[in-house]
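Enquirer: Dumping the structure here so I can ask a few things about it.
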Amino acid sequence: MLYWLTLLSDGGDFFNLFRYITFRAGGAFLTALVFGFLFGRPLIEVLRRRQGKGQPIRADGPEGHLAKAGTPTMGGLLIVGAVLTATLLWARLDNPYILMVLFVTLAFAIIGFADDYAKVARQNTNGVPGKVRLGLGILVGGLAAFWAMSFHPEGLTGDLAFPVFRELLVHLGWFFIPFGAFIIVGAANAVNLTDGLDGLAIMPVMIAAATFGVIAYAVGRTDFTEYLGVHYVPDTGEIIIFCAGLIGGGLGFLWYNAPPAAVFMGDTGSLALGGALGAIAVATKHEIVLGIVGGLFVIEALSVIIQVFYFRRTGKRVFLMAPIHHHYEKMGWSEPQIVIRFWIVALILAMIGLATLKVR
C-alpha cells in the first residue's frame with residue numbers, strides 16, 4: 001500500500017525510497033516486529049481468559065509436557081496478524097504472487113483456527129477431522145498452484161525445475177496443479193508436526209523464510225538469475241517483503257514462545273506458516289529446494305510416516321515416539337537441547353539450499 005507513495009515522488013526525494021524492494025522489506029520487518037511486541041501480551045491475556053484450561057495435552061505424550069497444561073494456544077494469530085499487516089502496508093498489492101501467498105496463509109490460518117477452536121472447546125486433542133482438513137488444504141493448494149501457473153513465464157508454465165541443473169525441466173502440464181497442491185499441503189502439515197516443543201518450529205520457519213526471501217529476490221531479477229544460473233520468474237522479488245514480515249512477526253512471537261512458553265502457536269500458526277513456505281516455493285519454481293531448506297520439517301514428517309507404517313506392519317516401533325523430537329525427549333535430551341540442536345540442523349540445511357543457487 002505504501003508503495004503508491006511513489007506517485008508523489010519526483011525521482012529524488014524521500015518518497016522515491018518506496019520504489020526499492022529492499023527498503024520496503026526492512027519496513028515490513030520492523031512493522032511486524034513492533035506488531036508482535038505491541039499485541040503479544042494483550043493477545044495472550046485474551047486467549048487465556050477465553051480458553052480457560054488452554055491447549056489440551058496428550059496423556060500419552062512425554063511426561064514433562066503435563067507441566068504445560070493451561071498454556072493458551074492459537075498464538076499463531078499474532079504471527080499471521082503481524083505478517084498480514086506488514087505485507088499489506090509495504091508490498092505491492094497488484095503483485096499476483098503476493099496475493100497468492102497471502103491467500104494461502106490466510107486460508108490455512110482459518111483451517112488451523114477451526115482445528116484449535118475445536119480442541120479447546122472439547123478439551124481433547126481431537127480437532128477438525130483429518131480428512132476434512134486434508135480436503136480443504138488440497139483445495140487451497142490446488143487453487144494456489146493454478147494461480148501461480150497462470151502467471152509463470154511462458155517457458156516455465158507447468159514445468160518442474162531442478163536445482164543445479166538449470167537445463168533440466170520436466171513438463172508436468174496440468175499435473176503441475178496437484179503437484180503444487182502436494183507441496184503446499186505437505187509443507188503445512190510438516191511444520192504442524194514439528195510444532196511440538198517451545199520454540200522448535202518458529203525458528204526453522206524464520207530460517208526458511210529468510211532463505212526463500214533471498215531466492216525470491218534473486219529469481220525476480222534478470223541480472224541475478226543470469227549470474228546464479230537459475231530461471232527468471234518475473235515479479236517474485238516482491239515476495240521478500242512477505243518473508244521479511246514473517247521473520248519480524250516470528251521474532252515477536254518467539255519472545256513469548258521461548259521456554260517456558262507463555263503461548264503456543266497452535267495449528268493456526270503452524271499450518272499457515274507451512275502453507276506460506278510451500279506457496280513461495282511454488283511461486284519461485286523452487287519446490288525441490290524447499291525439501292532441502294525445509295529438510296528439518298521433512299525429517300519430522302517422515303518420522304511419523306515411518307513410525308505409523310512400520311507399526312501397522314509389525315506391531316513394533318522404530319522410534320520411542322514420533323515425531324522424532326519426542327524420540328529424543330524419551331532418550332533423555334532436555335527440551336532446550338533438542339530445540340537448539342534442531343535449529344542448528346535447520347540452519348545448515350538452509351545454507352545447503354542456498355548453495356544450490358551457484359553450484360553448476
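Chain labels run A, B, ... following the order of the C-alpha cells; each chain numbers its residues from 1, and ligands are numbered from 1 in the order shown.
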Write out as a PyMOL selection string each polymer residue whose atoms come within 9 Å of segment 345-349 of chain A, counting only C-alpha atoms; drop sequence neighbours fewer than 5 positions from it.
Expert: chain A and resi 203-205+207-208+292-297+340+354
Enquirer: Mind dumping the selected residues with C-alpha atoms as a PDB file, in the first residue's frame?
Expert:
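The file below, result.pdb, is the result:
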ATOM      1  CA  MET A 203      12.970 -20.526  14.279  1.00  0.00           C
ATOM      2  CA  PRO A 204      13.320 -23.056  11.403  1.00  0.00           C
ATOM      3  CA  VAL A 205      10.337 -21.344   9.750  1.00  0.00           C
ATOM      4  CA  ILE A 207      15.332 -19.522   8.658  1.00  0.00           C
ATOM      5  CA  ALA A 208      13.427 -20.993   5.709  1.00  0.00           C
ATOM      6  CA  ILE A 292      16.370 -29.133   1.304  1.00  0.00           C
ATOM      7  CA  VAL A 293      15.833 -25.799   3.058  1.00  0.00           C
ATOM      8  CA  GLY A 294      12.904 -27.243   4.995  1.00  0.00           C
ATOM      9  CA  GLY A 295      14.661 -30.552   5.477  1.00  0.00           C
ATOM     10  CA  LEU A 296      14.016 -30.494   9.216  1.00  0.00           C
ATOM     11  CA  PHE A 297      10.274 -30.444   8.545  1.00  0.00           C
ATOM     12  CA  ILE A 340      18.691 -25.553  19.785  1.00  0.00           C
ATOM     13  CA  LEU A 354      21.230 -21.541  -0.842  1.00  0.00           C
TER      14      LEU A 354
END
Enquirer: Considering only C-alpha atoms, return as JSON, numbers by chain whatever protein or nucleic-acid residues lie within 9 Å of Gly199 of chain A, sequence-local ones (same chain, fewer than 3 positions apart) excluded.
Expert: {"A": [195, 196, 202, 203, 254, 257, 258, 259, 261, 264, 336, 339, 340]}
Enquirer: Write a file of the just-selected residues containing N, CA and C atoms, as a compact mmCIF listing (two decimals), in the first residue's frame.
Expert:
# COMPACT_ATOMS: atom_id res chain seq x y z
N ASP A 195 5.86 -28.59 15.26
CA ASP A 195 5.49 -27.69 16.36
C ASP A 195 5.06 -28.49 17.58
N GLY A 196 6.06 -29.04 18.30
CA GLY A 196 5.74 -29.85 19.46
C GLY A 196 6.51 -29.47 20.71
N ILE A 202 9.17 -22.30 15.16
CA ILE A 202 9.20 -20.94 14.66
C ILE A 202 10.57 -20.53 14.12
N MET A 203 11.65 -20.93 14.77
CA MET A 203 12.97 -20.53 14.28
C MET A 203 13.30 -21.18 12.93
N LEU A 254 8.32 -15.39 19.09
CA LEU A 254 9.32 -16.16 19.84
C LEU A 254 9.60 -15.55 21.20
N ASN A 257 7.11 -17.25 23.09
CA ASN A 257 7.09 -18.70 22.93
C ASN A 257 8.36 -19.37 23.44
N ALA A 258 9.37 -18.55 23.82
CA ALA A 258 10.61 -19.10 24.35
C ALA A 258 10.33 -19.86 25.64
N PRO A 259 11.03 -20.97 25.87
CA PRO A 259 10.77 -21.79 27.07
C PRO A 259 10.93 -21.01 28.36
N ALA A 261 7.05 -21.53 27.44
CA ALA A 261 6.18 -20.76 26.55
C ALA A 261 4.99 -20.17 27.29
N PHE A 264 1.24 -21.06 22.84
CA PHE A 264 1.59 -21.95 21.73
C PHE A 264 1.05 -21.37 20.43
N PRO A 336 15.46 -27.73 25.82
CA PRO A 336 16.34 -26.74 25.18
C PRO A 336 17.41 -27.38 24.29
N VAL A 339 15.67 -28.35 20.99
CA VAL A 339 15.27 -27.16 20.22
C VAL A 339 16.49 -26.51 19.56
N ILE A 340 17.53 -26.25 20.33
CA ILE A 340 18.69 -25.55 19.78
C ILE A 340 19.42 -26.41 18.76
Enquirer: So that I can check the surroundings of Asp235 of chain A, please list as a list of chain:residue names every protein, DNA and RNA residue that reaches within 12 Å of it, counting only C-alpha atoms and ignoring chain neighbours fewer than 4 positions away.
Expert: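 Result of the neighbour search: A:Ile21, A:Ala91, A:Arg92, A:Leu93, A:Asp94, A:Asn95, A:Pro96, A:Tyr97, A:Ile98, A:Leu99, A:Ala148, A:Phe151, A:His152, A:Pro153, A:Ala216, A:Tyr217, A:Ala218, A:Val219, A:Gly220, A:Arg221, A:Thr222, A:Ile239, A:Ile240, A:Ala283, A:Thr284.
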Enquirer: Check the smallest atom-to-atom distance from each of A:Glu300, A:Glu335, A:Glu287, A:Glu329 to Asp159 of chain A using only C-alpha atoms, then report the winner.
Expert: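 Among the listed residues, A:Glu287 lies closest to Asp159 of chain A.
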Enquirer: May I ask for the distance between atom CA of Arg41 of chain A and atom CA of Asn192 of chain A, given in Å to one decimal place?
Expert: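 Taking atom CA of Arg41 of chain A as the start and atom CA of Asn192 of chain A as the end point, the length is 23.4 Å.
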